Structures are given as structure tokens and as C-alpha cells.
>>> print(open('upload_33.cif').read())   # mmCIF, C-alpha atoms
data_protein
#
loop_
_atom_site.label_atom_id
_atom_site.label_comp_id
_atom_site.auth_asym_id
_atom_site.auth_seq_id
_atom_site.Cartn_x
_atom_site.Cartn_y
_atom_site.Cartn_z
CA MET E 1 14.26 -5.54 35.65
CA LYS E 2 14.24 -5.18 31.91
CA ALA E 3 16.76 -3.21 29.92
CA GLY E 4 15.79 0.23 28.59
CA LYS E 5 15.32 -0.75 24.95
CA GLU E 6 13.19 -3.73 25.87
CA GLN E 7 11.05 -1.62 28.20
CA ASP E 8 10.63 0.97 25.46
CA ASP E 9 9.61 -1.71 22.96
CA ILE E 10 6.91 -2.92 25.34
CA PHE E 11 5.71 0.64 25.95
CA PHE E 12 5.41 1.38 22.22
CA MET E 13 3.68 -1.92 21.48
CA GLU E 14 1.23 -1.37 24.30
CA GLU E 15 0.39 2.01 22.79
CA ALA E 16 -0.16 0.40 19.36
CA ILE E 17 -2.49 -2.17 20.93
CA ARG E 18 -4.31 0.57 22.83
CA LEU E 19 -4.86 2.54 19.61
CA ALA E 20 -6.10 -0.60 17.85
CA THR E 21 -8.60 -1.46 20.57
CA GLY E 22 -9.85 2.06 21.22
CA HIS E 23 -10.39 3.09 17.62
CA MET E 24 -11.98 -0.25 16.73
CA GLN E 25 -14.43 0.29 19.60
CA ALA E 26 -15.03 3.86 18.42
CA GLY E 27 -16.11 2.50 15.03
CA ASP E 28 -13.19 3.89 13.02
CA GLY E 29 -12.37 0.59 11.31
CA GLY E 30 -10.62 -2.73 11.87
CA PRO E 31 -8.63 -3.62 15.02
CA PHE E 32 -5.26 -2.20 14.02
CA GLY E 33 -3.02 0.50 15.48
CA ALA E 34 0.54 1.68 14.87
CA VAL E 35 3.10 4.12 16.25
CA MET E 36 6.21 5.55 14.60
CA VAL E 37 9.26 6.06 16.77
CA GLN E 38 12.30 8.22 16.08
CA ASN E 39 15.15 8.53 18.55
CA GLY E 40 13.11 6.80 21.24
CA GLU E 41 10.12 9.14 20.94
CA ILE E 42 6.70 8.57 19.37
CA ILE E 43 6.44 11.00 16.46
CA ALA E 44 3.21 9.73 14.87
CA ARG E 45 0.27 7.43 15.43
CA GLY E 46 -2.14 5.69 13.09
CA TRP E 47 -5.14 3.40 13.22
CA ASN E 48 -7.34 1.66 10.72
CA ARG E 49 -9.90 3.99 9.15
CA VAL E 50 -10.95 1.93 6.12
CA THR E 51 -14.67 1.87 6.78
CA SER E 52 -15.10 5.27 8.42
CA THR E 53 -13.27 7.17 5.67
CA ASN E 54 -14.12 4.94 2.68
CA ASP E 55 -10.44 4.35 2.02
CA PRO E 56 -9.30 0.74 1.57
CA THR E 57 -5.68 1.91 1.84
CA ALA E 58 -6.21 3.54 5.27
CA HIS E 59 -4.59 0.74 7.23
CA ALA E 60 -2.97 1.70 10.53
CA GLU E 61 0.56 1.50 9.14
CA VAL E 62 -0.19 3.53 5.99
CA VAL E 63 -1.95 6.19 8.07
CA CYS E 64 0.97 6.22 10.53
CA ILE E 65 3.55 6.50 7.74
CA ARG E 66 1.61 9.36 6.15
CA ASN E 67 1.31 11.16 9.49
CA ALA E 68 5.01 10.70 10.27
CA CYS E 69 6.01 11.99 6.84
CA ALA E 70 3.72 15.00 7.17
CA LYS E 71 5.22 15.80 10.55
CA LEU E 72 8.85 15.40 9.45
CA GLU E 73 8.15 16.97 6.02
CA THR E 74 9.91 14.20 4.15
CA PHE E 75 9.07 11.05 2.20
CA ASP E 76 12.07 9.25 3.71
CA LEU E 77 11.66 7.75 7.19
CA THR E 78 15.20 6.40 7.46
CA GLY E 79 15.96 5.78 11.13
CA CYS E 80 12.30 5.46 12.13
CA GLU E 81 10.87 2.34 13.76
CA LEU E 82 7.32 1.10 13.28
CA TYR E 83 5.36 -0.64 16.03
CA VAL E 84 2.05 -2.26 15.09
CA ASN E 85 -0.30 -4.60 16.92
CA CYS E 86 -0.32 -7.01 13.95
CA GLU E 87 2.21 -8.02 11.31
CA PRO E 88 1.76 -5.67 8.35
CA CYS E 89 -0.16 -6.92 5.33
CA PRO E 90 1.74 -6.87 2.01
CA MET E 91 0.45 -3.37 1.22
CA CYS E 92 1.74 -1.99 4.51
CA LEU E 93 4.99 -3.94 4.47
CA SER E 94 5.68 -2.62 0.97
CA ALA E 95 4.83 0.90 2.15
CA ALA E 96 7.40 0.44 4.94
CA TYR E 97 10.03 -0.44 2.33
CA TRP E 98 9.14 2.57 0.20
CA ALA E 99 9.35 4.80 3.29
CA LYS E 100 12.76 3.30 4.16
CA ILE E 101 11.66 2.40 7.69
CA GLU E 102 14.42 0.88 9.83
CA CYS E 103 12.59 -2.03 11.46
CA ILE E 104 9.14 -3.31 12.39
CA THR E 105 7.93 -4.72 15.70
CA TYR E 106 4.57 -6.49 15.52
CA GLY E 107 2.23 -8.29 17.94
CA ALA E 108 -0.07 -10.82 16.30
CA ASP E 109 1.04 -12.31 12.97
CA HIS E 110 -0.63 -12.42 9.55
CA LEU E 111 -2.10 -15.87 10.24
CA ASP E 112 -3.70 -14.52 13.41
CA ALA E 113 -5.14 -11.71 11.26
CA ALA E 114 -6.47 -14.26 8.78
CA ALA E 115 -8.10 -16.20 11.66
CA ALA E 116 -9.80 -12.95 12.71
CA GLY E 117 -11.29 -12.59 9.23
CA PHE E 118 -8.75 -10.44 7.35
CA ASN E 119 -7.28 -11.17 3.93
CA ASP E 120 -3.60 -10.69 4.80
CA ALA E 121 -2.56 -14.33 4.36
CA PHE E 122 -4.43 -14.65 1.07
CA ILE E 123 -2.76 -11.56 -0.38
CA TYR E 124 0.70 -12.79 0.75
CA GLU E 125 -0.02 -16.02 -1.15
CA GLU E 126 -1.18 -14.15 -4.24
CA LEU E 127 1.97 -12.00 -4.35
CA ARG E 128 4.16 -15.10 -4.23
CA LYS E 129 2.56 -16.31 -7.46
CA GLY E 130 3.44 -15.23 -10.97
CA ARG E 131 1.14 -12.74 -12.68
CA GLY E 132 -0.77 -15.37 -14.66
CA ASP E 133 -1.48 -17.58 -11.64
CA ARG E 134 -3.19 -14.99 -9.47
CA THR E 135 -6.92 -14.54 -9.00
CA MET E 136 -6.52 -10.90 -10.10
CA PRO E 137 -6.69 -10.80 -13.91
CA MET E 138 -3.81 -8.74 -15.34
CA LYS E 139 -3.27 -7.80 -18.96
CA GLN E 140 -0.40 -5.95 -20.63
CA LEU E 141 -1.07 -3.24 -23.22
CA LEU E 142 0.97 -0.54 -25.02
CA ARG E 143 4.26 -1.42 -23.30
CA ASN E 144 6.31 0.47 -25.89
CA ASP E 145 4.31 3.66 -25.40
CA ALA E 146 4.65 3.27 -21.64
CA LEU E 147 8.41 2.86 -21.96
CA GLN E 148 8.62 6.27 -23.65
CA THR E 149 7.54 7.88 -20.35
CA PHE E 150 10.31 6.03 -18.50
CA LYS E 151 12.79 7.21 -21.12
CA LEU E 152 11.73 10.82 -20.50
CA TRP E 153 12.12 10.22 -16.74
CA GLU E 154 15.64 8.88 -17.19
CA GLU E 155 16.56 11.89 -19.32
CA MET E 156 15.03 14.44 -16.91
CA GLU E 157 17.76 16.48 -15.28
CA ASP E 158 16.10 18.12 -12.29
CA LYS E 159 14.13 15.12 -11.06
CA LEU E 160 13.71 14.29 -7.40
CA GLU E 161 14.30 10.54 -6.95
CA TYR E 162 12.71 8.48 -4.19
CA MET U 163 -10.97 -2.04 -37.21
CA LYS U 164 -10.70 -2.98 -33.57
CA ALA U 165 -13.58 -4.17 -31.40
CA GLY U 166 -15.15 -1.75 -28.92
CA LYS U 167 -13.61 -3.21 -25.74
CA GLU U 168 -10.14 -3.29 -27.28
CA GLN U 169 -10.49 0.30 -28.48
CA ASP U 170 -11.65 1.34 -25.01
CA ASP U 171 -8.70 -0.44 -23.39
CA ILE U 172 -6.30 1.50 -25.61
CA PHE U 173 -8.08 4.78 -24.87
CA PHE U 174 -7.86 4.24 -21.09
CA MET U 175 -4.23 3.17 -21.22
CA GLU U 176 -3.32 6.17 -23.35
CA GLU U 177 -4.92 8.38 -20.71
CA ALA U 178 -2.91 6.64 -17.94
CA ILE U 179 0.29 7.20 -19.94
CA ARG U 180 -0.65 10.83 -20.57
CA LEU U 181 -1.21 11.40 -16.84
CA ALA U 182 2.12 9.74 -16.03
CA THR U 183 4.08 11.86 -18.49
CA GLY U 184 2.34 15.16 -17.79
CA HIS U 185 2.51 15.03 -14.01
CA MET U 186 6.09 13.76 -14.04
CA GLN U 187 7.00 16.75 -16.22
CA ALA U 188 5.06 19.04 -13.86
CA GLY U 189 7.24 17.85 -10.98
CA ASP U 190 4.53 16.01 -9.06
CA GLY U 191 6.54 12.82 -8.66
CA GLY U 192 7.61 9.66 -10.50
CA PRO U 193 6.41 8.71 -14.01
CA PHE U 194 3.22 6.89 -13.09
CA GLY U 195 -0.46 7.48 -13.88
CA ALA U 196 -3.67 5.51 -13.44
CA VAL U 197 -7.35 5.66 -14.30
CA MET U 198 -10.29 3.81 -12.73
CA VAL U 199 -13.07 2.69 -15.03
CA GLN U 200 -16.59 1.66 -14.11
CA ASN U 201 -19.15 0.63 -16.73
CA GLY U 202 -16.88 1.86 -19.50
CA GLU U 203 -16.44 5.36 -18.05
CA ILE U 204 -13.44 6.91 -16.28
CA ILE U 205 -14.57 7.67 -12.73
CA ALA U 206 -11.22 8.65 -11.19
CA ARG U 207 -7.63 9.48 -12.06
CA GLY U 208 -4.39 9.33 -10.08
CA TRP U 209 -0.73 10.06 -10.54
CA ASN U 210 2.39 9.72 -8.45
CA ARG U 211 2.73 12.49 -5.86
CA VAL U 212 5.35 10.95 -3.55
CA THR U 213 7.88 13.76 -3.67
CA SER U 214 5.53 16.73 -4.05
CA THR U 215 3.30 15.74 -1.09
CA ASN U 216 5.89 13.96 1.09
CA ASP U 217 3.87 10.77 1.00
CA PRO U 218 5.70 7.55 0.10
CA THR U 219 2.31 5.82 -0.31
CA ALA U 220 1.06 8.33 -2.90
CA HIS U 221 1.64 6.05 -5.87
CA ALA U 222 -0.63 6.58 -8.88
CA GLU U 223 -2.75 3.51 -8.13
CA VAL U 224 -3.21 4.30 -4.42
CA VAL U 225 -4.17 7.88 -5.26
CA CYS U 226 -6.56 6.63 -7.97
CA ILE U 227 -8.16 4.07 -5.62
CA ARG U 228 -8.62 6.72 -2.93
CA ASN U 229 -10.14 9.14 -5.45
CA ALA U 230 -12.49 6.49 -6.83
CA CYS U 231 -13.62 5.48 -3.34
CA ALA U 232 -14.21 9.10 -2.35
CA LYS U 233 -16.28 9.63 -5.48
CA LEU U 234 -18.37 6.48 -5.07
CA GLU U 235 -18.51 6.83 -1.27
CA THR U 236 -17.49 3.24 -0.67
CA PHE U 237 -14.39 1.22 0.25
CA ASP U 238 -15.43 -1.55 -2.17
CA LEU U 239 -14.57 -1.07 -5.85
CA THR U 240 -16.10 -4.35 -7.04
CA GLY U 241 -16.69 -4.08 -10.77
CA CYS U 242 -14.10 -1.36 -11.30
CA GLU U 243 -11.12 -1.77 -13.64
CA LEU U 244 -7.72 -0.19 -13.10
CA TYR U 245 -5.52 1.00 -15.97
CA VAL U 246 -1.96 2.01 -15.15
CA ASN U 247 1.08 2.81 -17.28
CA CYS U 248 3.22 0.36 -15.28
CA GLU U 249 2.56 -2.93 -13.50
CA PRO U 250 1.63 -2.09 -9.89
CA CYS U 251 4.26 -2.50 -7.20
CA PRO U 252 3.38 -4.90 -4.35
CA MET U 253 1.90 -2.04 -2.29
CA CYS U 254 -0.43 -1.01 -5.10
CA LEU U 255 -1.30 -4.56 -6.16
CA SER U 256 -2.22 -5.35 -2.55
CA ALA U 257 -4.29 -2.17 -2.39
CA ALA U 258 -6.13 -3.36 -5.51
CA TYR U 259 -6.96 -6.64 -3.73
CA TRP U 260 -8.19 -4.80 -0.64
CA ALA U 261 -10.34 -2.54 -2.83
CA LYS U 262 -11.76 -5.63 -4.62
CA ILE U 263 -10.86 -4.26 -8.05
CA GLU U 264 -11.98 -6.48 -10.93
CA CYS U 265 -8.88 -6.47 -13.14
CA ILE U 266 -5.73 -4.54 -13.95
CA THR U 267 -4.37 -3.48 -17.33
CA TYR U 268 -0.75 -2.28 -17.27
CA GLY U 269 1.79 -0.95 -19.78
CA ALA U 270 5.42 -1.45 -18.75
CA ASP U 271 6.16 -4.26 -16.29
CA HIS U 272 7.90 -4.24 -12.89
CA LEU U 273 11.25 -5.15 -14.44
CA ASP U 274 10.95 -2.14 -16.75
CA ALA U 275 10.26 -0.05 -13.62
CA ALA U 276 13.35 -1.51 -11.95
CA ALA U 277 15.43 -0.64 -15.03
CA ALA U 278 14.18 2.95 -14.73
CA GLY U 279 15.43 3.09 -11.12
CA PHE U 280 12.42 2.04 -9.03
CA ASN U 281 12.40 -0.57 -6.27
CA ASP U 282 9.39 -2.60 -7.45
CA ALA U 283 11.30 -5.76 -8.37
CA PHE U 284 13.30 -5.69 -5.12
CA ILE U 285 10.13 -5.41 -3.00
CA TYR U 286 8.47 -8.26 -4.95
CA GLU U 287 11.52 -10.40 -4.11
CA GLU U 288 11.43 -9.41 -0.44
CA LEU U 289 7.75 -10.33 -0.11
CA ARG U 290 8.40 -13.78 -1.53
CA LYS U 291 10.84 -14.45 1.31
CA GLY U 292 9.95 -15.54 4.83
CA ARG U 293 10.04 -12.92 7.58
CA GLY U 294 13.49 -13.84 8.83
CA ASP U 295 15.10 -13.76 5.39
CA ARG U 296 14.14 -10.21 4.46
CA THR U 297 16.36 -7.14 4.69
CA MET U 298 13.64 -5.49 6.85
CA PRO U 299 14.24 -6.54 10.47
CA MET U 300 11.00 -7.75 12.06
CA LYS U 301 10.47 -8.72 15.67
CA GLN U 302 7.40 -10.13 17.44
CA LEU U 303 6.31 -8.80 20.82
CA LEU U 304 3.25 -9.15 23.10
CA ARG U 305 1.35 -11.48 20.74
CA ASN U 306 -1.04 -12.58 23.49
CA ASP U 307 -1.98 -9.00 24.34
CA ALA U 308 -2.48 -8.26 20.65
CA LEU U 309 -4.75 -11.27 20.27
CA GLN U 310 -7.06 -9.84 22.93
CA THR U 311 -7.92 -7.00 20.53
CA PHE U 312 -8.79 -9.51 17.80
CA LYS U 313 -10.98 -11.38 20.28
CA LEU U 314 -12.87 -8.17 21.01
CA TRP U 315 -13.26 -7.61 17.27
CA GLU U 316 -14.67 -11.07 16.75
CA GLU U 317 -17.15 -10.53 19.58
CA MET U 318 -18.21 -7.08 18.37
CA GLU U 319 -21.78 -7.20 17.12
CA ASP U 320 -22.24 -4.03 15.08
CA LYS U 321 -18.91 -4.11 13.26
CA LEU U 322 -18.55 -3.15 9.61
CA GLU U 323 -16.40 -5.78 7.90
CA TYR U 324 -14.25 -5.02 4.86
#
>>> encode(input="upload_33.cif", output="C-alpha cells")
Amino acid sequence: MKAGKEQDDIFFMEEAIRLATGHMQAGDGGPFGAVMVQNGEIIARGWNRVTSTNDPTAHAEVVCIRNACAKLETFDLTGCELYVNCEPCPMCLSAAYWAKIECITYGADHLDAAAAGFNDAFIYEELRKGRGDRTMPMKQLLRNDALQTFKLWEEMEDKLEY
Amino acid sequence: MKAGKEQDDIFFMEEAIRLATGHMQAGDGGPFGAVMVQNGEIIARGWNRVTSTNDPTAHAEVVCIRNACAKLETFDLTGCELYVNCEPCPMCLSAAYWAKIECITYGADHLDAAAAGFNDAFIYEELRKGRGDRTMPMKQLLRNDALQTFKLWEEMEDKLEY
């Protein structure tokens, strides 16, 4: 018999896989599902809705993070655990950092995702490169003007940091 | 006198900086603004709304991409150019790849953002590391079950790829 935490992990991952499969078959988007857990309870779910909502950022994890934050009325998910049927792409992993998620449990990995036709591995490679070596052309302009806004931010007294 | 494209670039960047400053001062969130340009025209705007909407993914670029996609009714922004007052963080840069954006023009860079108190540089460093070396704990579970969903995806005949 498996210990409680391990049993819970399997339960949450099975739910993430179920969401991925069901919503893919319903035509919502790609085969990805996620659940957010706080204190051993599922507090939010998410699944890929890129094609059905015309939103390239609507990956399962991003949707799940947004739903969890809406429910808890906070932008800080400290203490929350994310379960997802596939290793997050760089967008979703970065979103997990911004949300201050505690840990991530994933099923397939980003190479499995690449084998299934998704760009995860390519984007991981691109982010490891310096700006000038990427396929995405990037150009800097008006840095000094832009820095003025940061200066105003630093001087702002009643700001809410994140 | 500057050439047309260079003048346009400055105009779009000034608008991104104006959005960043104005919405920061209005209390919407951090000091970030973005505009999306298609065929020389601004088709969408975005600004950081993390703290005012309790959404850690509501960075200026993500909001701008979502607005542009809603307007054009597509998840594919091929041919569109993104102007933002600061180099995108890894979440936003990845979102730009997923959206198939043509190129990015930025003002301040991610080290400037770090100096102003944002985690961009830290997350770039984390993404360059292997899974086991990151501060974010990540654990794999039920890979074989997860792969079944990908198999179903590959076999699906009427799927909409992205």
C-alpha cells in the first residue's frame, strides 16, 4: 500500500491527464490539463484552450494559475502545487515562478511534447541562447526613455510589488 | 531627417513607454506597456495588470498578445511586430514564440528590469539550468499514462494544430 502523499500525487496527476484527454477530445485545444492543489485539495483546474479561444497563451498551466488566483483573490500562489500531464513549456514554467508556486509534478516531458508536434523543446533551446543568436529578431530602442519609467516606479511610494 | 520605418519604430516605442508609465501611475500594476503593430498600424495595446486583476500572467506583452488575437480572431500573429518598453521576461518571450510574432523591439533590457526589482534575470537563469538544478522542485509521475493522451492526439483526425 502506498503512503498518503504518494497516493494523493497519483490522484491529482490522474485528474490532470483526464482533463487533458477529455478537453482535447471535446475540441478545446491541445492535449494538456493541469490541477492546482492547496493543502491537499484541488482548488483549480485548467486545460489547453489555445485554438478554441484564439489565445496562444491559454495553455493548461496558465489557465489553471489564472483560475487559482481568481479563486484565492491573490497573485501569489505560495504553498500551492501544480500537477500537469506534461512538463511545462518555458512560458508556463516562467508563469509558475511568477506565481510563486511551490513545486510541479509532471507526466510526459518536454521532449515527449516535441515528439507529439509541440514547440516546447525548440523554445527551451531558444531561451538558452543570447538575444542575438535566436530566431526571433530583437532590437533595442529608446533605452534611456524607458529607464525613466523604472525610475518613477522606484520612487513611487504606494506601489504594490509582486 | 529619419527614414519612415525608423520614425515609426520610435512612435510605437514611445506609445509603449507612455502606456507603461500611465498605467503604473494609475495603479494597474508594474511599469510595463506594449503595442502590437500590423502593416504599420497599432492593432492592440497591453499593460501590466498583475496586481490589479490578481493575475501573475497579466504582463503587458501577454495582455497585448491576447488583445491582438481577440481582435484578429486568430491564435497566429504571423506578420505582427511587438513593441515593449522592456525586454520580455521568459514567459512573455515564449508567448511571443507561440503566437508566431515576427520581431520584438524593446527599450530597457532584462538586467535593467532586475535592477528595478523584477525577477526577469533570475527566471532567465533558472530556465538555462537543467530540471534538477533549478530552485523549482519538479517531479515526474505516470509518464506512460500521460503518453497515452499524446497518442490519442496524434491519431486524432480533425484536430486543429497550433
>>> residues_around(input="upload_33.cif", residues="stretch 101-109 of chain E", least_positions_apart="2", cutoff="8 Å", atoms="only C-alpha atoms", output="number ranges by chain")
E: 13, 76-88, 96-99, 111-113; U: 298-309
>>> write_last_selection(input="upload_33.cif", atoms="C-alpha atoms", output="PDB file, in the coordinates of the input")
ATOM      1  CA  MET E  13       3.680  -1.920  21.480  1.00  0.00           C
ATOM      2  CA  ASP E  76      12.070   9.250   3.710  1.00  0.00           C
ATOM      3  CA  LEU E  77      11.660   7.750   7.190  1.00  0.00           C
ATOM      4  CA  THR E  78      15.200   6.400   7.460  1.00  0.00           C
ATOM      5  CA  GLY E  79      15.960   5.780  11.130  1.00  0.00           C
ATOM      6  CA  CYS E  80      12.300   5.460  12.130  1.00  0.00           C
ATOM      7  CA  GLU E  81      10.870   2.340  13.760  1.00  0.00           C
ATOM      8  CA  LEU E  82       7.320   1.100  13.280  1.00  0.00           C
ATOM      9  CA  TYR E  83       5.360  -0.640  16.030  1.00  0.00           C
ATOM     10  CA  VAL E  84       2.050  -2.260  15.090  1.00  0.00           C
ATOM     11  CA  ASN E  85      -0.300  -4.600  16.920  1.00  0.00           C
ATOM     12  CA  CYS E  86      -0.320  -7.010  13.950  1.00  0.00           C
ATOM     13  CA  GLU E  87       2.210  -8.020  11.310  1.00  0.00           C
ATOM     14  CA  PRO E  88       1.760  -5.670   8.350  1.00  0.00           C
ATOM     15  CA  ALA E  96       7.400   0.440   4.940  1.00  0.00           C
ATOM     16  CA  TYR E  97      10.030  -0.440   2.330  1.00  0.00           C
ATOM     17  CA  TRP E  98       9.140   2.570   0.200  1.00  0.00           C
ATOM     18  CA  ALA E  99       9.350   4.800   3.290  1.00  0.00           C
ATOM     19  CA  LEU E 111      -2.100 -15.870  10.240  1.00  0.00           C
ATOM     20  CA  ASP E 112      -3.700 -14.520  13.410  1.00  0.00           C
ATOM     21  CA  ALA E 113      -5.140 -11.710  11.260  1.00  0.00           C
TER      22      ALA E 113
ATOM     23  CA  MET U 298      13.640  -5.490   6.850  1.00  0.00           C
ATOM     24  CA  PRO U 299      14.240  -6.540  10.470  1.00  0.00           C
ATOM     25  CA  MET U 300      11.000  -7.750  12.060  1.00  0.00           C
ATOM     26  CA  LYS U 301      10.470  -8.720  15.670  1.00  0.00           C
ATOM     27  CA  GLN U 302       7.400 -10.130  17.440  1.00  0.00           C
ATOM     28  CA  LEU U 303       6.310  -8.800  20.820  1.00  0.00           C
ATOM     29  CA  LEU U 304       3.250  -9.150  23.100  1.00  0.00           C
ATOM     30  CA  ARG U 305       1.350 -11.480  20.740  1.00  0.00           C
ATOM     31  CA  ASN U 306      -1.040 -12.580  23.490  1.00  0.00           C
ATOM     32  CA  ASP U 307      -1.980  -9.000  24.340  1.00  0.00           C
ATOM     33  CA  ALA U 308      -2.480  -8.260  20.650  1.00  0.00           C
ATOM     34  CA  LEU U 309      -4.750 -11.270  20.270  1.00  0.00           C
TER      35      LEU U 309
END
>>> calpha_fit_and_write(input="upload_33.cif", fixed="chain E", moving="chain U", output="short mmCIF file (atom, residue, chain, number, x, y, z; two decimals) with C-alpha atoms, in the coordinates of the input")
data_model
loop_
_atom_site.label_atom_id
_atom_site.label_comp_id
_atom_site.auth_asym_id
_atom_site.auth_seq_id
_atom_site.Cartn_x
_atom_site.Cartn_y
_atom_site.Cartn_z
CA MET U 163 14.28 -5.59 35.69
CA LYS U 164 14.25 -5.18 31.94
CA ALA U 165 16.78 -3.19 29.94
CA GLY U 166 15.80 0.25 28.62
CA LYS U 167 15.32 -0.73 24.96
CA GLU U 168 13.19 -3.73 25.88
CA GLN U 169 11.06 -1.63 28.22
CA ASP U 170 10.64 0.97 25.47
CA ASP U 171 9.63 -1.71 22.96
CA ILE U 172 6.91 -2.91 25.33
CA PHE U 173 5.71 0.65 25.95
CA PHE U 174 5.41 1.38 22.21
CA MET U 175 3.67 -1.90 21.47
CA GLU U 176 1.22 -1.36 24.31
CA GLU U 177 0.39 2.02 22.78
CA ALA U 178 -0.16 0.40 19.34
CA ILE U 179 -2.49 -2.16 20.94
CA ARG U 180 -4.32 0.58 22.84
CA LEU U 181 -4.86 2.54 19.62
CA ALA U 182 -6.10 -0.60 17.85
CA THR U 183 -8.61 -1.45 20.56
CA GLY U 184 -9.85 2.08 21.23
CA HIS U 185 -10.40 3.10 17.62
CA MET U 186 -11.98 -0.24 16.73
CA GLN U 187 -14.42 0.28 19.61
CA ALA U 188 -15.03 3.86 18.42
CA GLY U 189 -16.10 2.50 15.04
CA ASP U 190 -13.19 3.89 13.03
CA GLY U 191 -12.38 0.60 11.33
CA GLY U 192 -10.62 -2.74 11.88
CA PRO U 193 -8.63 -3.62 15.02
CA PHE U 194 -5.26 -2.21 14.02
CA GLY U 195 -3.02 0.51 15.47
CA ALA U 196 0.53 1.69 14.88
CA VAL U 197 3.09 4.11 16.25
CA MET U 198 6.22 5.54 14.60
CA VAL U 199 9.26 6.06 16.78
CA GLN U 200 12.29 8.21 16.08
CA ASN U 201 15.16 8.53 18.56
CA GLY U 202 13.11 6.79 21.23
CA GLU U 203 10.12 9.15 20.94
CA ILE U 204 6.70 8.57 19.37
CA ILE U 205 6.44 11.00 16.45
CA ALA U 206 3.21 9.74 14.86
CA ARG U 207 0.27 7.43 15.43
CA GLY U 208 -2.15 5.69 13.07
CA TRP U 209 -5.13 3.40 13.22
CA ASN U 210 -7.34 1.66 10.72
CA ARG U 211 -9.91 4.00 9.15
CA VAL U 212 -10.95 1.93 6.12
CA THR U 213 -14.68 1.86 6.78
CA SER U 214 -15.10 5.26 8.43
CA THR U 215 -13.28 7.18 5.66
CA ASN U 216 -14.11 4.94 2.68
CA ASP U 217 -10.45 4.34 2.01
CA PRO U 218 -9.30 0.73 1.55
CA THR U 219 -5.68 1.91 1.85
CA ALA U 220 -6.22 3.53 5.26
CA HIS U 221 -4.59 0.73 7.22
CA ALA U 222 -2.97 1.69 10.53
CA GLU U 223 0.56 1.51 9.13
CA VAL U 224 -0.20 3.53 5.98
CA VAL U 225 -1.95 6.19 8.06
CA CYS U 226 0.97 6.22 10.53
CA ILE U 227 3.56 6.51 7.73
CA ARG U 228 1.62 9.37 6.14
CA ASN U 229 1.31 11.14 9.49
CA ALA U 230 5.01 10.70 10.26
CA CYS U 231 6.01 12.00 6.83
CA ALA U 232 3.72 15.01 7.16
CA LYS U 233 5.22 15.79 10.55
CA LEU U 234 8.83 15.43 9.44
CA GLU U 235 8.15 16.98 6.02
CA THR U 236 9.90 14.20 4.15
CA PHE U 237 9.06 11.04 2.20
CA ASP U 238 12.08 9.25 3.71
CA LEU U 239 11.66 7.75 7.18
CA THR U 240 15.21 6.39 7.45
CA GLY U 241 15.95 5.77 11.11
CA CYS U 242 12.31 5.46 12.12
CA GLU U 243 10.87 2.34 13.75
CA LEU U 244 7.32 1.10 13.28
CA TYR U 245 5.36 -0.65 16.04
CA VAL U 246 2.07 -2.27 15.10
CA ASN U 247 -0.30 -4.61 16.92
CA CYS U 248 -0.33 -7.01 13.95
CA GLU U 249 2.21 -8.03 11.31
CA PRO U 250 1.75 -5.67 8.34
CA CYS U 251 -0.16 -6.92 5.32
CA PRO U 252 1.75 -6.88 2.00
CA MET U 253 0.45 -3.37 1.21
CA CYS U 254 1.73 -1.98 4.50
CA LEU U 255 5.00 -3.94 4.47
CA SER U 256 5.68 -2.61 0.96
CA ALA U 257 4.84 0.90 2.14
CA ALA U 258 7.40 0.45 4.93
CA TYR U 259 10.04 -0.45 2.32
CA TRP U 260 9.16 2.58 0.20
CA ALA U 261 9.35 4.81 3.28
CA LYS U 262 12.77 3.30 4.16
CA ILE U 263 11.67 2.41 7.68
CA GLU U 264 14.42 0.87 9.81
CA CYS U 265 12.58 -2.03 11.45
CA ILE U 266 9.15 -3.32 12.38
CA THR U 267 7.93 -4.71 15.70
CA TYR U 268 4.57 -6.50 15.52
CA GLY U 269 2.22 -8.28 17.94
CA ALA U 270 -0.08 -10.83 16.30
CA ASP U 271 1.05 -12.32 12.98
CA HIS U 272 -0.64 -12.44 9.56
CA LEU U 273 -2.10 -15.88 10.25
CA ASP U 274 -3.70 -14.53 13.42
CA ALA U 275 -5.14 -11.72 11.27
CA ALA U 276 -6.48 -14.28 8.80
CA ALA U 277 -8.10 -16.21 11.67
CA ALA U 278 -9.82 -12.97 12.73
CA GLY U 279 -11.29 -12.60 9.22
CA PHE U 280 -8.76 -10.45 7.35
CA ASN U 281 -7.29 -11.17 3.93
CA ASP U 282 -3.60 -10.70 4.80
CA ALA U 283 -2.56 -14.33 4.36
CA PHE U 284 -4.45 -14.65 1.06
CA ILE U 285 -2.75 -11.54 -0.38
CA TYR U 286 0.69 -12.78 0.75
CA GLU U 287 -0.02 -16.01 -1.16
CA GLU U 288 -1.18 -14.14 -4.26
CA LEU U 289 1.97 -12.00 -4.34
CA ARG U 290 4.16 -15.09 -4.23
CA LYS U 291 2.55 -16.31 -7.44
CA GLY U 292 3.44 -15.22 -10.96
CA ARG U 293 1.14 -12.75 -12.70
CA GLY U 294 -0.78 -15.37 -14.65
CA ASP U 295 -1.46 -17.57 -11.64
CA ARG U 296 -3.18 -14.97 -9.48
CA THR U 297 -6.92 -14.54 -9.02
CA MET U 298 -6.51 -10.88 -10.12
CA PRO U 299 -6.70 -10.79 -13.93
CA MET U 300 -3.82 -8.74 -15.35
CA LYS U 301 -3.28 -7.80 -18.97
CA GLN U 302 -0.40 -5.93 -20.64
CA LEU U 303 -1.07 -3.23 -23.22
CA LEU U 304 0.97 -0.55 -25.03
CA ARG U 305 4.27 -1.43 -23.31
CA ASN U 306 6.32 0.47 -25.90
CA ASP U 307 4.31 3.65 -25.41
CA ALA U 308 4.65 3.28 -21.64
CA LEU U 309 8.41 2.87 -21.94
CA GLN U 310 8.62 6.27 -23.64
CA THR U 311 7.54 7.88 -20.35
CA PHE U 312 10.31 6.04 -18.49
CA LYS U 313 12.79 7.22 -21.11
CA LEU U 314 11.73 10.81 -20.48
CA TRP U 315 12.13 10.22 -16.75
CA GLU U 316 15.63 8.88 -17.18
CA GLU U 317 16.56 11.89 -19.31
CA MET U 318 15.02 14.42 -16.90
CA GLU U 319 17.75 16.46 -15.27
CA ASP U 320 16.11 18.11 -12.27
CA LYS U 321 14.12 15.12 -11.06
CA LEU U 322 13.71 14.28 -7.39
CA GLU U 323 14.32 10.55 -6.95
CA TYR U 324 12.73 8.52 -4.16
#
>>> closest_residue(input="upload_33.cif", among="E:Thr53, E:Gln7, E:Ser94, E:Asn39", to="chain U", atoms="all atoms listed in the file")
E:Ser94
>>> residues_around(input="upload_33.cif", residues="stretch 44-47 of chain E", least_positions_apart="4", cutoff="6 Å", atoms="all atoms listed in the file", output="number ranges by chain")
E: 32-36, 60, 63-64, 67-68
>>> closest_residue(input="upload_33.cif", among="E:His59, E:Lys100, E:Lys5, E:Arg128", to="chain U", atoms="all atoms listed in the file")
E:Arg128
